[in-house]
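Visitor: Below is the file my_file.txt, which contains compact mmCIF, C-alpha atoms.
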```
# COMPACT_ATOMS: atom_id res chain seq x y z
CA ILE A 1 13.26 -2.58 -2.54
CA GLY A 2 10.13 -1.67 -4.43
CA PRO A 3 9.07 1.91 -5.16
CA GLN A 4 6.29 1.59 -2.60
CA LEU A 5 8.97 1.42 0.13
CA ASP A 6 11.30 4.10 -1.23
CA GLY A 7 12.15 6.52 1.56
CA ILE A 8 10.09 4.69 4.16
CA GLY A 9 12.94 4.73 6.68
CA ALA A 10 12.90 8.53 6.61
CA ARG A 11 9.56 8.43 8.42
CA GLY A 12 11.31 7.55 11.67
CA PRO A 13 10.49 4.82 14.18
CA GLU A 14 7.45 6.55 15.72
CA ARG A 15 5.68 7.03 12.38
CA LEU A 16 6.63 3.52 11.23
CA CYS A 17 5.13 2.05 14.41
CA GLU A 18 1.95 4.02 13.77
CA ASP A 19 1.84 2.90 10.13
CA ILE A 20 2.20 -0.76 11.12
CA LEU A 21 -0.02 -0.80 14.21
CA ASP A 22 -2.75 1.53 12.90
CA PRO A 23 -2.36 1.56 9.11
CA ASN A 24 -5.56 3.51 8.44
CA ARG A 25 -4.75 6.44 10.73
CA ASN A 26 -2.57 8.44 8.36
CA VAL A 27 -2.58 6.98 4.84
CA ASP A 28 -0.56 8.86 2.23
CA ALA A 29 -2.81 9.85 -0.68
CA HIS A 30 -0.69 7.77 -3.07
CA PHE A 31 -1.62 4.65 -1.10
CA HIS A 32 -5.38 5.22 -0.84
CA LEU A 33 -7.40 2.13 -1.66
CA HIS A 34 -8.94 2.14 -5.13
CA THR A 35 -11.81 -0.19 -5.95
CA LEU A 36 -12.22 -0.47 -9.68
CA THR A 37 -15.52 -1.74 -11.04
CA LEU A 38 -15.25 -3.01 -14.56
CA LYS A 39 -18.01 -2.94 -17.16
CA ASP A 40 -18.36 -6.74 -16.84
CA GLY A 41 -19.29 -6.25 -13.14
CA SER A 42 -16.02 -7.58 -11.70
CA THR A 43 -14.02 -5.54 -9.19
CA LEU A 44 -10.37 -5.15 -8.30
CA SER A 45 -8.95 -3.40 -5.24
CA GLY A 46 -5.50 -2.03 -4.58
CA PHE A 47 -3.45 1.09 -4.88
CA LEU A 48 -2.95 2.85 -8.17
CA LYS A 49 0.72 2.45 -9.06
CA ALA A 50 0.66 4.23 -12.39
CA GLU A 51 -1.37 5.47 -15.28
CA ALA A 52 0.12 4.78 -18.69
CA GLY A 53 -1.98 6.37 -21.40
CA GLN A 54 -5.27 4.48 -21.43
CA VAL A 55 -4.10 1.84 -18.92
CA LEU A 56 -4.29 1.90 -15.12
CA ILE A 57 -1.77 -0.20 -13.20
CA LEU A 58 -3.20 -1.39 -9.90
CA ALA A 59 -1.24 -3.29 -7.22
CA ASP A 60 -3.38 -5.52 -5.01
CA ALA A 61 -2.78 -6.60 -1.41
CA ALA A 62 -0.72 -9.60 -2.58
CA GLY A 63 1.57 -7.33 -4.60
CA GLN A 64 0.18 -8.52 -7.93
CA GLU A 65 -0.04 -5.89 -10.65
CA HIS A 66 -3.17 -5.62 -12.75
CA ARG A 67 -3.33 -3.63 -15.96
CA ILE A 68 -6.80 -2.31 -16.64
CA SER A 69 -7.83 -0.53 -19.80
CA LYS A 70 -9.75 2.66 -19.08
CA ILE A 71 -12.21 1.52 -21.75
CA ASP A 72 -13.17 -1.43 -19.51
CA LEU A 73 -13.59 0.75 -16.40
CA SER A 74 -17.06 1.54 -15.15
CA LYS A 75 -16.22 3.17 -11.81
CA ASP A 76 -13.19 4.06 -9.65
CA THR A 77 -13.97 4.45 -5.95
CA THR A 78 -11.18 5.79 -3.75
CA THR A 79 -11.13 5.49 0.03
CA PRO A 80 -8.46 6.80 2.41
CA MET A 81 -7.67 3.30 3.67
CA SER A 82 -4.49 1.27 3.53
CA LEU A 83 -4.03 -2.11 1.87
CA MET A 84 -2.22 -3.24 5.00
CA PRO A 85 -4.53 -5.32 7.17
CA PRO A 86 -5.36 -3.44 10.37
CA VAL A 87 -4.25 -6.43 12.49
CA PHE A 88 -0.90 -6.94 10.73
CA GLY A 89 1.12 -5.46 13.61
CA GLN A 90 -0.60 -7.78 16.06
CA THR A 91 0.42 -10.86 14.06
CA LEU A 92 4.11 -10.22 14.75
CA ASP A 93 5.88 -11.19 17.95
CA GLU A 94 8.04 -8.52 19.59
CA LYS A 95 11.32 -9.72 18.03
CA SER A 96 9.82 -9.84 14.52
CA PHE A 97 8.30 -6.37 14.98
CA ILE A 98 11.69 -4.95 16.07
CA ASN A 99 13.43 -6.68 13.15
CA LEU A 100 10.87 -5.23 10.73
CA LEU A 101 11.39 -1.72 12.13
CA GLY A 102 15.16 -2.12 11.87
CA TYR A 103 14.90 -3.26 8.28
CA LEU A 104 12.62 -0.36 7.29
CA ILE A 105 14.72 2.25 9.09
CA ASN A 106 17.89 0.96 7.44
CA GLU A 107 16.25 1.39 4.03
CA LYS A 108 16.66 5.14 4.62
CA ALA A 109 20.40 4.68 4.50
CA GLY A 110 20.18 2.40 1.48
CA LYS A 111 21.77 -0.51 3.32
```
Would it be possible to restate this file's structure as structure tokens?

Guide:
Amino acid sequence: IGPQLDGIGARGPERLCEDILDPNRNVDAHFHLHTLTLKDGSTLSGFLKAEAGQVLILADAAGQEHRISKIDLSKDTTTPMSLMPPVFGQTLDEKSFINLLGYLINEKAGK
């Protein structure tokens, strides 16, 4: 399990349902969406996983990590939105949704 899921089962089933069905309602500050604009005009979006000296480590929606030198950064815009697509919960059938909840809740116990 990745660090982004550590302790997720401790949220309980009600909060997990909310997080899946309405991911932008209550986004933890650590998971706010960062849009980085680089000096060359390109942009990257994701959540800031870490800051190591002069390097930012950004994880995008596909789980890819990007290492960006602060020297190359022009602007960092943060919004209290989740990387999870707002329709993700609606793409799962009932059985898959229940299985996902069970998996996440069991992560609390480290199973």

Visitor: Rank nothing, just name the residue among A:Met81, A:Leu73, A:Ala61, A:Ala10 nearest to Leu101 in chain A, using only C-alpha atoms.

Guide: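 Among the listed residues, A:Ala10 lies closest to Leu101 in chain A.
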
Visitor: For CA of Glu14 in chain A and CA of Leu100 in chain A, quote the distance in Å rounded to one decimal.

Guide: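 Value for the CA of Glu14 in chain A-CA of Leu100 in chain A distance: 13.2 Å.
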
Visitor: In the coordinates of the file, take the point (-21.0, -3.1, -14.2) and a cut-off of 10 Å; then, counting all atoms listed in the file, name each qualifying protein, DNA or RNA residue as a list in words.

Guide: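 Checked against the point, the hits come out as Thr37, Leu38, Lys39, Asp40, Gly41, Ser42, Thr43, Asp72, Leu73, Ser74 and Lys75 of chain A.
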
Visitor: Near Phe88 in chain A, counting only C-alpha atoms, which residues have an atom at most 9 Å away, once you skip same-chain residues fewer than 4 positions from it, shown as a PyMOL selection string?

Guide: chain A and resi 20-23+84+92

Visitor: Tell me, as a PDB file with C-alpha atoms, keeping the file's coordinate frame, which residues lie within 12 Å of Gly53 in chain A, counting all atoms listed in the file; anything in the same chain fewer than 4 positions away does not count.

Guide:
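The resulting result07.pdb:
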```pdb
ATOM      1  CA  ILE A  57      -1.770  -0.200 -13.200  1.00  0.00           C
ATOM      2  CA  ARG A  67      -3.330  -3.630 -15.960  1.00  0.00           C
ATOM      3  CA  ILE A  68      -6.800  -2.310 -16.640  1.00  0.00           C
ATOM      4  CA  SER A  69      -7.830  -0.530 -19.800  1.00  0.00           C
ATOM      5  CA  LYS A  70      -9.750   2.660 -19.080  1.00  0.00           C
ATOM      6  CA  ILE A  71     -12.210   1.520 -21.750  1.00  0.00           C
TER       7      ILE A  71
END
```

Visitor: Pick the closest to Glu65 in chain A from A:Gly46, A:Asn24, A:Tyr103, A:Gly12: which is it, counting all atoms listed in the file?

Guide: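 With all atoms listed in the file as the atom set, the closest residue is A:Gly46.
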
Visitor: If you measure from CA of Thr35 in chain A to CA of Thr78 in chain A, what distance in Å do you get, rounded to one decimal?

Guide: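 These two atoms are separated by 6.4 Å.
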
Visitor: Between CA of Gly89 in chain A and CA of Asn26 in chain A, what is the distance, to one decimal in Å?

Guide: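 According to the coordinates, CA of Gly89 in chain A and CA of Asn26 in chain A are separated by 15.3 Å.
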
Visitor: Quick one: which range 5-29 of chain A residues come within 12 Å of range 47-51 of chain A, and what is the nearest atom pair for each with the distance in Å to one decimal, counting only C-alpha atoms, rows ordered by chain and ascending number, as CSV?

Guide:
```
residue,atom,partner,partner_atom,distance
A:Val27,CA,A:Phe47,CA,11.4
A:Asp28,CA,A:Phe47,CA,10.9
A:Ala29,CA,A:Phe47,CA,9.7
```

Visitor: Nearest residue to Ile98 in chain A out of A:Leu83, A:Leu16, A:Leu36, A:Arg11, using all atoms listed in the file?

Guide: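 Distance minimum relative to Ile98 in chain A lands on A:Leu16.
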